[in-house]
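Enquirer: Sending over query-v8.pdb (PDB, C-alpha atoms).
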ATOM      1  CA  MET A 144     -27.432   1.323  -1.603  1.00  0.00           C
ATOM      2  CA  SER A 145     -26.842   5.062  -1.657  1.00  0.00           C
ATOM      3  CA  ASP A 146     -23.748   6.647  -3.149  1.00  0.00           C
ATOM      4  CA  LEU A 147     -23.223   8.568   0.085  1.00  0.00           C
ATOM      5  CA  TYR A 148     -23.044   5.316   2.066  1.00  0.00           C
ATOM      6  CA  LEU A 149     -20.536   3.833  -0.399  1.00  0.00           C
ATOM      7  CA  HIS A 150     -18.395   6.979  -0.311  1.00  0.00           C
ATOM      8  CA  ALA A 151     -18.494   6.858   3.482  1.00  0.00           C
ATOM      9  CA  ALA A 152     -17.278   3.216   3.429  1.00  0.00           C
ATOM     10  CA  PHE A 153     -14.378   4.239   1.172  1.00  0.00           C
ATOM     11  CA  ALA A 154     -13.558   7.239   3.387  1.00  0.00           C
ATOM     12  CA  LEU A 155     -13.669   5.097   6.529  1.00  0.00           C
ATOM     13  CA  GLY A 156     -11.293   2.543   4.998  1.00  0.00           C
ATOM     14  CA  GLY A 157      -8.970   5.280   3.732  1.00  0.00           C
ATOM     15  CA  GLY A 158      -8.935   7.039   7.078  1.00  0.00           C
ATOM     16  CA  LEU A 159      -8.154   3.844   8.963  1.00  0.00           C
ATOM     17  CA  GLY A 160      -5.393   3.012   6.486  1.00  0.00           C
ATOM     18  CA  ALA A 161      -3.863   6.488   6.802  1.00  0.00           C
ATOM     19  CA  VAL A 162      -3.859   6.271  10.595  1.00  0.00           C
ATOM     20  CA  ALA A 163      -2.235   2.820  10.475  1.00  0.00           C
ATOM     21  CA  ARG A 164       0.428   4.130   8.073  1.00  0.00           C
ATOM     22  CA  HIS A 165       1.111   7.140  10.292  1.00  0.00           C
ATOM     23  CA  MET A 166       1.535   4.912  13.344  1.00  0.00           C
ATOM     24  CA  LEU A 167       3.980   2.629  11.500  1.00  0.00           C
ATOM     25  CA  ASN A 168       5.934   5.597  10.131  1.00  0.00           C
ATOM     26  CA  ARG A 169       6.400   6.896  13.668  1.00  0.00           C
ATOM     27  CA  MET A 170       7.569   3.477  14.909  1.00  0.00           C
ATOM     28  CA  ILE A 171      10.035   2.831  12.060  1.00  0.00           C
ATOM     29  CA  THR A 172      12.681   5.528  11.796  1.00  0.00           C
ATOM     30  CA  HIS A 173      15.692   5.183   9.565  1.00  0.00           C
ATOM     31  CA  GLU A 174      17.798   7.406   7.322  1.00  0.00           C
ATOM     32  CA  LEU A 175      16.557   5.420   4.311  1.00  0.00           C
ATOM     33  CA  PRO A 176      12.822   5.336   3.465  1.00  0.00           C
ATOM     34  CA  LEU A 177      12.269   1.919   5.059  1.00  0.00           C
ATOM     35  CA  SER A 178       8.898   2.778   6.593  1.00  0.00           C
ATOM     36  CA  THR A 179       7.468   3.669   3.178  1.00  0.00           C
ATOM     37  CA  LEU A 180       8.848   0.451   1.694  1.00  0.00           C
ATOM     38  CA  ILE A 181       7.381  -1.583   4.560  1.00  0.00           C
ATOM     39  CA  VAL A 182       3.896  -0.032   4.397  1.00  0.00           C
ATOM     40  CA  ASN A 183       3.762  -0.351   0.610  1.00  0.00           C
ATOM     41  CA  VAL A 184       4.824  -4.015   0.671  1.00  0.00           C
ATOM     42  CA  ALA A 185       2.484  -4.765   3.606  1.00  0.00           C
ATOM     43  CA  GLY A 186      -0.385  -3.000   1.835  1.00  0.00           C
ATOM     44  CA  CYS A 187       0.174  -5.048  -1.322  1.00  0.00           C
ATOM     45  CA  LEU A 188       0.332  -8.246   0.717  1.00  0.00           C
ATOM     46  CA  LEU A 189      -2.835  -7.283   2.570  1.00  0.00           C
ATOM     47  CA  LEU A 190      -4.714  -6.486  -0.634  1.00  0.00           C
ATOM     48  CA  GLY A 191      -3.596  -9.792  -2.131  1.00  0.00           C
ATOM     49  CA  LEU A 192      -4.756 -11.653   0.982  1.00  0.00           C
ATOM     50  CA  TRP A 193      -8.110  -9.847   0.990  1.00  0.00           C
ATOM     51  CA  ILE A 194      -8.774 -10.459  -2.679  1.00  0.00           C
ATOM     52  CA  GLY A 195      -7.624 -14.072  -2.420  1.00  0.00           C
ATOM     53  CA  TYR A 196      -9.884 -14.643   0.590  1.00  0.00           C
ATOM     54  CA  LEU A 197     -12.911 -12.644  -0.515  1.00  0.00           C
ATOM     55  CA  GLY A 198     -12.700 -13.440  -4.225  1.00  0.00           C
ATOM     56  CA  ASP A 199     -12.860 -11.333  -7.347  1.00  0.00           C
ATOM     57  CA  PRO A 200     -13.232  -7.658  -6.344  1.00  0.00           C
ATOM     58  CA  GLN A 201     -15.865  -7.174  -9.047  1.00  0.00           C
ATOM     59  CA  VAL A 202     -18.245  -9.621  -7.340  1.00  0.00           C
ATOM     60  CA  LEU A 203     -17.725  -8.309  -3.805  1.00  0.00           C
ATOM     61  CA  PRO A 204     -20.484  -6.210  -2.310  1.00  0.00           C
ATOM     62  CA  ASP A 205     -19.803  -2.537  -3.065  1.00  0.00           C
ATOM     63  CA  GLU A 206     -19.287  -1.548   0.579  1.00  0.00           C
ATOM     64  CA  GLU A 207     -16.729  -4.317   1.212  1.00  0.00           C
ATOM     65  CA  ARG A 208     -14.818  -3.516  -1.956  1.00  0.00           C
ATOM     66  CA  ARG A 209     -14.705   0.193  -1.146  1.00  0.00           C
ATOM     67  CA  LEU A 210     -13.683  -0.433   2.454  1.00  0.00           C
ATOM     68  CA  VAL A 211     -10.835  -2.780   1.387  1.00  0.00           C
ATOM     69  CA  PHE A 212      -9.549  -0.580  -1.425  1.00  0.00           C
ATOM     70  CA  GLY A 213      -9.982   2.534   0.704  1.00  0.00           C
ATOM     71  CA  PHE A 214      -7.916   1.027   3.511  1.00  0.00           C
ATOM     72  CA  CYS A 215      -5.126  -0.148   1.228  1.00  0.00           C
ATOM     73  CA  GLY A 216      -5.151   3.155  -0.654  1.00  0.00           C
ATOM     74  CA  GLY A 217      -4.922   5.128   2.578  1.00  0.00           C
ATOM     75  CA  PHE A 218      -2.315   2.777   4.026  1.00  0.00           C
ATOM     76  CA  THR A 219       0.080   2.672   1.096  1.00  0.00           C
ATOM     77  CA  THR A 220       1.751   5.803  -0.146  1.00  0.00           C
ATOM     78  CA  PHE A 221       2.958   6.135  -3.700  1.00  0.00           C
ATOM     79  CA  SER A 222       3.440   9.879  -3.420  1.00  0.00           C
ATOM     80  CA  SER A 223       5.849   9.476  -0.488  1.00  0.00           C
ATOM     81  CA  PHE A 224       7.648   6.740  -2.402  1.00  0.00           C
ATOM     82  CA  ALA A 225       8.110   9.055  -5.404  1.00  0.00           C
ATOM     83  CA  TYR A 226       9.308  11.946  -3.236  1.00  0.00           C
ATOM     84  CA  GLN A 227      11.726   9.798  -1.244  1.00  0.00           C
ATOM     85  CA  SER A 228      13.135   8.248  -4.413  1.00  0.00           C
ATOM     86  CA  LEU A 229      13.804  11.728  -5.800  1.00  0.00           C
ATOM     87  CA  GLN A 230      15.433  12.753  -2.513  1.00  0.00           C
ATOM     88  CA  LEU A 231      17.697   9.682  -2.624  1.00  0.00           C
ATOM     89  CA  HIS A 232      18.775  10.757  -6.094  1.00  0.00           C
ATOM     90  CA  ARG A 233      19.409  14.352  -4.963  1.00  0.00           C
ATOM     91  CA  GLU A 234      21.104  13.595  -1.644  1.00  0.00           C
ATOM     92  CA  ARG A 235      22.844  10.308  -2.399  1.00  0.00           C
ATOM     93  CA  THR A 236      23.151   8.673  -5.821  1.00  0.00           C
ATOM     94  CA  ILE A 237      21.042   7.714  -8.794  1.00  0.00           C
ATOM     95  CA  PHE A 238      21.848   4.101  -7.908  1.00  0.00           C
ATOM     96  CA  MET A 239      20.243   4.405  -4.465  1.00  0.00           C
ATOM     97  CA  ALA A 240      17.151   5.964  -6.039  1.00  0.00           C
ATOM     98  CA  ALA A 241      16.997   3.254  -8.699  1.00  0.00           C
ATOM     99  CA  GLY A 242      17.523   0.583  -6.055  1.00  0.00           C
ATOM    100  CA  ASN A 243      14.665   1.990  -3.997  1.00  0.00           C
ATOM    101  CA  ILE A 244      12.383   2.007  -7.036  1.00  0.00           C
ATOM    102  CA  LEU A 245      13.276  -1.519  -8.154  1.00  0.00           C
ATOM    103  CA  LEU A 246      13.134  -2.933  -4.640  1.00  0.00           C
ATOM    104  CA  SER A 247       9.797  -1.275  -3.906  1.00  0.00           C
ATOM    105  CA  VAL A 248       8.082  -2.295  -7.132  1.00  0.00           C
ATOM    106  CA  GLY A 249       9.519  -5.808  -7.052  1.00  0.00           C
ATOM    107  CA  LEU A 250       8.690  -6.482  -3.414  1.00  0.00           C
ATOM    108  CA  CYS A 251       5.200  -4.991  -3.725  1.00  0.00           C
ATOM    109  CA  TRP A 252       4.423  -7.167  -6.734  1.00  0.00           C
ATOM    110  CA  ILE A 253       5.765 -10.285  -4.988  1.00  0.00           C
ATOM    111  CA  ALA A 254       3.868  -9.474  -1.768  1.00  0.00           C
ATOM    112  CA  PHE A 255       0.582  -9.028  -3.658  1.00  0.00           C
ATOM    113  CA  TRP A 256       1.138 -12.274  -5.560  1.00  0.00           C
ATOM    114  CA  LEU A 257       2.017 -14.179  -2.353  1.00  0.00           C
ATOM    115  CA  GLY A 258      -1.040 -12.819  -0.569  1.00  0.00           C
ATOM    116  CA  LEU A 259      -3.276 -13.789  -3.458  1.00  0.00           C
ATOM    117  CA  ARG A 260      -1.740 -17.277  -3.756  1.00  0.00           C
ATOM    118  CA  ALA A 261      -1.968 -17.858   0.006  1.00  0.00           C
ATOM    119  CA  MET A 262      -5.725 -17.484  -0.120  1.00  0.00           C
ATOM    120  CA  LEU A 263      -6.447 -19.541  -3.240  1.00  0.00           C
TER     121      LEU A 263
END
Represent the structure contained in this file as C-alpha cells.

Expert:
Amino acid sequence: MSDLYLHAAFALGGGLGAVARHMLNRMITHELPLSTLIVNVAGCLLLGLWIGYLGDPQVLPDEERRLVFGFCGGFTTFSSFAYQSLQLHRERTIFMAAGNILLSVGLCWIAFWLGLRAML
C-alpha cells in the first residue's frame, strides 16, 4: 500500500472529524467551554469503542487505523481545551480553570475506558 494512500486515509478521517467538531461547536453554545468538553469526551469514547470493537490498533490494517485515529484527532481538540482553560483562569478564577482541566482529563479517561470495556 502506498504512503500517499495511507496519508489520504488519515487526511480524510481528520477532515471528517474536524467537520463533525465544527458542527457540534455551532450547536452547543455556552459561556463555559462545554462544546470542547463534549467533543473531547465523545472522541475518547468513540476511540475506545473503535479499538474495543476492532481490536489492538497495531494489528488493524494501516488504512483503518489511520482513518480512525485521523477522525478522532480531527474531532477532538486539545489546543482549544488549553486555550479555553487559560481564558477561564484569566477571565474567571484559577479554580474554574483547574476544574475544567480535571473534569476534562477525568471524563476523557473514563469515556475511553468505558468505550473500550463496552466492546470487550

Enquirer: Using the chain letters and numbers from this file, what does the PyMOL selection byres ((chain A and resi 250) around 12) select? Give the answer as a list in words.

Expert: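 Expected selection for the PyMOL selection byres ((chain A and resi 250) around 12) here is Leu180, Ile181, Val182, Asn183, Val184, Ala185, Gly186, Cys187, Leu188, Gly242, Asn243, Ile244, Leu245, Leu246, Ser247, Val248, Gly249, Cys251, Trp252, Ile253, Ala254, Phe255, Trp256, Leu257 and Gly258 of chain A.
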
Enquirer: Could you dump the residues just selected with C-alpha atoms as a compact mmCIF listing (two decimals), in the coordinates of the input?

Expert:
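Now in out.txt:
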# COMPACT_ATOMS: atom_id res chain seq x y z
CA LEU A 180 8.85 0.45 1.69
CA ILE A 181 7.38 -1.58 4.56
CA VAL A 182 3.90 -0.03 4.40
CA ASN A 183 3.76 -0.35 0.61
CA VAL A 184 4.82 -4.01 0.67
CA ALA A 185 2.48 -4.76 3.61
CA GLY A 186 -0.38 -3.00 1.84
CA CYS A 187 0.17 -5.05 -1.32
CA LEU A 188 0.33 -8.25 0.72
CA GLY A 242 17.52 0.58 -6.06
CA ASN A 243 14.66 1.99 -4.00
CA ILE A 244 12.38 2.01 -7.04
CA LEU A 245 13.28 -1.52 -8.15
CA LEU A 246 13.13 -2.93 -4.64
CA SER A 247 9.80 -1.27 -3.91
CA VAL A 248 8.08 -2.30 -7.13
CA GLY A 249 9.52 -5.81 -7.05
CA CYS A 251 5.20 -4.99 -3.72
CA TRP A 252 4.42 -7.17 -6.73
CA ILE A 253 5.76 -10.28 -4.99
CA ALA A 254 3.87 -9.47 -1.77
CA PHE A 255 0.58 -9.03 -3.66
CA TRP A 256 1.14 -12.27 -5.56
CA LEU A 257 2.02 -14.18 -2.35
CA GLY A 258 -1.04 -12.82 -0.57

Enquirer: Given the choices A:Met262, A:Val211, A:Ile171, A:Leu231, which gets closest to Phe153 in chain A if the distance is worked out from all atoms listed in the file?

Expert: A:Val211

Enquirer: Select, counting all atoms listed in the file, all protein, DNA and RNA residues no farther than 10 Å from (-5.4, -16.2, -4.7) in file coordinates, and express the selection as a list of chain:residue names.

Expert: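 Counting all atoms listed in the file, I find these residues within 10 Å of (-5.4, -16.2, -4.7): A:Gly191, A:Leu192, A:Trp193, A:Ile194, A:Gly195, A:Tyr196, A:Leu197, A:Gly198, A:Asp199, A:Phe255, A:Trp256, A:Leu257, A:Gly258, A:Leu259, A:Arg260, A:Ala261, A:Met262, A:Leu263.
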
Enquirer: Counting all atoms listed in the file, figure out which residue out of A:Leu229, A:Met239, A:Ala152, A:Leu175 gets nearest to Phe212 in chain A.

Expert: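 The closest residue to Phe212 in chain A is A:Ala152.
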
Enquirer: Using all atoms listed in the file, which residues of range 180-248 of chain A come within 6 Å of range 158-162 of chain A, and what is the closest atom pair for each, with the distance in Å to one decimal? Give it as a tab-separated table, sorted by chain and residue number.

Expert:
residue	atom	partner	partner_atom	distance
A:Phe214	CA	A:Gly160	CA	4.4
A:Gly217	CA	A:Gly160	CA	4.5
A:Phe218	CA	A:Gly160	CA	3.9

Enquirer: How far is it from CA of Thr220 in chain A to CA of Arg233 in chain A, in Å with one decimal?

Expert: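 Between these atoms lies a distance of 20.2 Å.
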
Enquirer: As number ranges by chain, please: the residues near Leu149 in chain A (cut-off 7 Å, all atoms listed in the file, same-chain neighbours under 4 positions excluded).

Expert: A: 145, 153, 205-206, 209

Enquirer: Can I get the selected residues back with C-alpha atoms, as a PDB file, in the frame of the given file?

Expert:
ATOM      1  CA  SER A 145     -26.842   5.062  -1.657  1.00  0.00           C
ATOM      2  CA  PHE A 153     -14.378   4.239   1.172  1.00  0.00           C
ATOM      3  CA  ASP A 205     -19.803  -2.537  -3.065  1.00  0.00           C
ATOM      4  CA  GLU A 206     -19.287  -1.548   0.579  1.00  0.00           C
ATOM      5  CA  ARG A 209     -14.705   0.193  -1.146  1.00  0.00           C
TER       6      ARG A 209
END

Enquirer: Work out how far apart CA of Leu190 in chain A and CA of Arg164 in chain A are and give it in Å to one decimal.

Expert: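 Separating CA of Leu190 in chain A from CA of Arg164 in chain A is a distance of 14.7 Å.
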
Enquirer: CA of Leu189 in chain A to CA of Leu203 in chain A: how many Å, to one decimal?

Expert: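 CA of Leu203 in chain A lies at a distance of 16.2 Å from CA of Leu189 in chain A.
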
Enquirer: Box along x, y and z, 6 Å on every side, all listed atoms of range 253-261 of chain A inside: centre and edge lengths in Å to one decimal, as lines of an AutoDock Vina configuration file.

Expert:
center_x = 1.2
center_y = -13.4
center_z = -2.8
size_x = 21.0
size_y = 20.8
size_z = 17.6
